[in-house]
Amino acid sequence: PADKRLKRKLAEADKAKKEAVENDKSVRDKAAQLSALETELEKCRAELGRVHAKIKKGQELIPVQQKLEQIACWRSKVPDIKAVDELPEGLESECKRLSDLVNDAGEDLRKLNEEKKQLEKEVQKFTDEHRRLLSFAEAIENWSRKISVHEKEGRDIEELERSVQKGEAELERLSKGLLASGWDESHSSAFQSIVLPDLKKRIQDCEHHAQKVRDLESERSDFVDTFTISPISGAGILAAGITGIIVSCFGVWFSFPLLYGSGAALILLSLSGAGFNMYLSRQKEAAEKNRKAREAKVKESLEKAKTGRDRARAAVEDVLRGVPVAGAFLEKPDNDLYHTVEEMQKKLDELGEMKRKVSNRRIRWREERETLEELTSEFEEDASEGGVARLKKHLEEAVKSREESKKAKERIEEIDGEEYPEAEEKHAGAKRQLEALQAKVHEAVTDGLEFDEALSEARELQNTVRRIMDSEKELEENYPNLEELKAEIRELEDDRERMGPGWEELERARIRRAELNDKFADMKERKGVLESEVKNAGVRISAGEMEGKIESLKEEQERVRTERDRLALLANILKKADRDFRARHQPDVLKGASKYFSSLTENYRGVTIIEDEEGEERLAVVDNKGRHFKAEPPLSGGTLDQVYLSFRLAVVDHLDANQERLPLVLDEAMINWDDDRMRRGAEILSNAAENRQVFFFTCHDWIAGRISEIVGSEVIRL
């Protein structure tokens, strides 16, 4: 690129050199033209001087003489300059202003009269009914603020009364099982006089004695013959003794020791049974005596317990005196009786408190209601929130009417005191001024004209006088020697030839001067252009300078070409190193990537490297038919993700082969995969996790859940 750039600069330098040669020639030609033009300018300037001197004399006197003649003509048209001069500037506008002033003043008077009539109507709108409303203003304002609260209080009282009714119904319900005769309001004082702690203690005493009676009755019913060991049968003992004696006799008679021993044992056994029976008899007598003593003692305790129970029951009835409690509760007083009485006392207390509140609030509400009804009946309105709202609205109208009436009275006083007299004075003054101006106009113009005609003529005369004054002032300012010029004009009035060139010649001289001026301006413009071109041409680079620049560019081009050759050599070295690196590592990586890729998908069997149209190596996939496709769109995102994952797995396998295993970190590697591909990919990652750490990051719960389900790993939320 640098060599090409220098070639372009050399071509541009050669072109600039040729332009520099042509520029030098052009500068010399334009310098010659500039010299000739300056000579012609001098000639034009000399001729202009002569023509200017020729017409100067005529230009000095003719305008003065024409202006003086014009002024004399104007003066002849004005009968009385002094009278016209006394008229004000802007005569028509002044007449209109005064006329408008008169009309405006008259209109102001009319408006004031109309306003006064309207104000008097406003004053009359404030009626006695309004005054009566205002006399109740404080009460109406007070009720407008609290009517909603008052209405709500009425509804709340009704709600409380319904609650009282519900409480009474609850008392009826509670008393149905407790009272023998049903609930009556007269029972309230009796219930409230019950001392609950005393009732509770007596019920507990009653339950204690009743429990003791039950325990003793149970104990008495358990008294039976506790001696349950039966004695040995007497017949058996006797038979055993006789048998033993017989056997012993046979043993002695036949000298047989075994029979003798057996007989002795039977005799001993019968003697033991008889002794055991005697022992049992004595023990049974003692046990029976003990049982009778205990039964007598329990019976005595039972009688005492029943007496205590009856006394405790009587004590409970005494506490409940005056309350017609049902016999079932008095027969067996228990905690249910206590809790029912306690609940009824609470309900009676609540109901009594509620009734007192309702009564007090109802009295206060009724008193307020009577005050409200007195107020609303005064104005034939309903004693309701709507009636108060209407009274409030009427009161606001009354207040507004009173304020408007007050303002109207004050305004009437202002009109009568100041504005109306001022308007009358203004109207009279404007009328006097208009009449005086009309008199001046008639004085300055021809007699016998209507005012509109006189006004139009006066305006024309004013314009004429103004022209006269302006022209005379202009002559005095432009010609300080005006009197001398007037004298010279009077002397030469009869001989115009002595004033210089004739009028026609003077006009031709003026035309020639205009032509010369145009020519002179054109030549000056051409001179300026030539001078600028010569100056700019002198700034440009010369042909010699361009030759030096060309030599410098050739030297730089030689240096750049040397550098280009060196870089080309280095590029070839790098390409060879890249090819060697690919030859050493690429086959193994491609082989591993193809293995992983074919496991991930059914439609492709591997990956490879191909050359594109420009000879550059590109990654491609190979389908089952052997066709090659570049690993880029229009392949699907899921397929490309599989290619990238396959290469990552193959590269990491290649990098840590026969070395310490590297960890594998994946982020959203399966976002575009369907379920079948995701299952295969997860299984491959699970196999890879047997040899290395695998971190799989995703922000999608469904991906994390699916991968975890396939590989059986735990999901960690960060």
# chains A, B, ... in the order shown; residues from 1 in each chain; ligands from 1
$ residues_around --residues "Arg402 of chain A" --least-positions-apart "6" --cutoff "9 Å" --atoms "only C-alpha atoms" --output "PyMOL selection string"
chain A and resi 123+125-127+130-131
$ residues_around --residues "Gly592 of chain A" --least-positions-apart "5" --cutoff "8 Å" --atoms "only C-alpha atoms" --output "mmCIF file with C-alpha atoms, in the first residue's frame"
data_model
loop_
_atom_site.group_PDB
_atom_site.id
_atom_site.type_symbol
_atom_site.label_atom_id
_atom_site.label_comp_id
_atom_site.auth_asym_id
_atom_site.auth_seq_id
_atom_site.Cartn_x
_atom_site.Cartn_y
_atom_site.Cartn_z
ATOM 1 C CA SER A 646 -17.507 -30.462 20.070
ATOM 2 C CA PHE A 647 -14.438 -28.329 19.313
ATOM 3 C CA LEU A 649 -14.248 -30.727 24.181
ATOM 4 C CA ALA A 650 -11.701 -31.854 21.537
#
$ residues_around --residues "Ala305 of chain A" --least-positions-apart "6" --cutoff "9 Å" --atoms "only C-alpha atoms" --output "PyMOL selection string"
chain A and resi 209-210+212-213+216
$ write_last_selection --atoms "N, CA, C and O atoms" --output "short mmCIF file (atom, residue, chain, number, x, y, z; two decimals), in the first residue's frame"
data_model
loop_
_atom_site.label_atom_id
_atom_site.label_comp_id
_atom_site.auth_asym_id
_atom_site.auth_seq_id
_atom_site.Cartn_x
_atom_site.Cartn_y
_atom_site.Cartn_z
N HIS A 209 -66.79 -33.01 97.44
CA HIS A 209 -67.55 -33.95 98.27
C HIS A 209 -68.22 -35.02 97.41
O HIS A 209 -68.26 -36.20 97.80
N ALA A 210 -68.75 -34.63 96.23
CA ALA A 210 -69.39 -35.60 95.35
C ALA A 210 -68.38 -36.62 94.87
O ALA A 210 -68.67 -37.82 94.79
N LYS A 212 -65.69 -37.46 96.47
CA LYS A 212 -65.33 -38.28 97.63
C LYS A 212 -66.39 -39.36 97.85
O LYS A 212 -66.06 -40.53 98.15
N VAL A 213 -67.69 -38.97 97.71
CA VAL A 213 -68.77 -39.96 97.85
C VAL A 213 -68.61 -41.05 96.80
O VAL A 213 -68.74 -42.24 97.10
N LEU A 216 -65.73 -43.37 97.77
CA LEU A 216 -66.04 -44.25 98.90
C LEU A 216 -67.03 -45.33 98.49
O LEU A 216 -66.92 -46.49 98.92
#
$ residues_around --residues "Asn360 of chain A" --least-positions-apart "6" --cutoff "12 Å" --atoms "only C-alpha atoms" --output "ChimeraX atom specification"
/A:157,160,353-354,366-367
$ write_last_selection --atoms "N, CA and C atoms" --output "mmCIF file, in the first residue's frame"
data_model
loop_
_atom_site.group_PDB
_atom_site.id
_atom_site.type_symbol
_atom_site.label_atom_id
_atom_site.label_comp_id
_atom_site.auth_asym_id
_atom_site.auth_seq_id
_atom_site.Cartn_x
_atom_site.Cartn_y
_atom_site.Cartn_z
ATOM 1 N N ILE A 157 -76.203 4.560 66.117
ATOM 2 C CA ILE A 157 -77.105 4.274 67.250
ATOM 3 C C ILE A 157 -78.053 3.138 66.883
ATOM 4 N N LEU A 160 -76.161 0.026 67.111
ATOM 5 C CA LEU A 160 -75.979 -0.372 68.511
ATOM 6 C C LEU A 160 -77.266 -0.970 69.080
ATOM 7 N N GLU A 353 -73.807 -1.934 79.729
ATOM 8 C CA GLU A 353 -72.951 -0.829 79.269
ATOM 9 C C GLU A 353 -73.391 -0.337 77.900
ATOM 10 N N MET A 354 -73.742 -1.284 77.023
ATOM 11 C CA MET A 354 -74.180 -0.912 75.681
ATOM 12 C C MET A 354 -75.487 -0.122 75.741
ATOM 13 N N ARG A 366 -80.937 13.090 69.782
ATOM 14 C CA ARG A 366 -82.278 13.652 69.692
ATOM 15 C C ARG A 366 -82.266 15.140 69.950
ATOM 16 N N GLU A 367 -81.433 15.580 70.928
ATOM 17 C CA GLU A 367 -81.332 17.023 71.192
ATOM 18 C C GLU A 367 -80.800 17.757 69.961
#
$ atom_distance --atom1 "atom CA of Arg559 of chain A" --atom2 "atom CA of Lys7 of chain A"
13.1 Å
$ residues_around --residues "Ser384 of chain A" --least-positions-apart "5" --cutoff "12 Å" --atoms "only C-alpha atoms" --output "list in words"
Trp143, Ser144, Lys146, Ile147, Ser148, Val149, His150, Glu151, Lys152, Gly154, Arg369, Glu370, Leu372, Glu373, Leu375, Thr376, Ser377, Ala389, Arg390 and Leu391 of chain A
$ residues_around --residues "Ile703 of chain A" --least-positions-apart "4" --cutoff "9 Å" --atoms "only C-alpha atoms" --output "list in words"
Glu668, Met670, Ile671, Met678, Thr698, Cys699, Ile707 and Ser708 of chain A
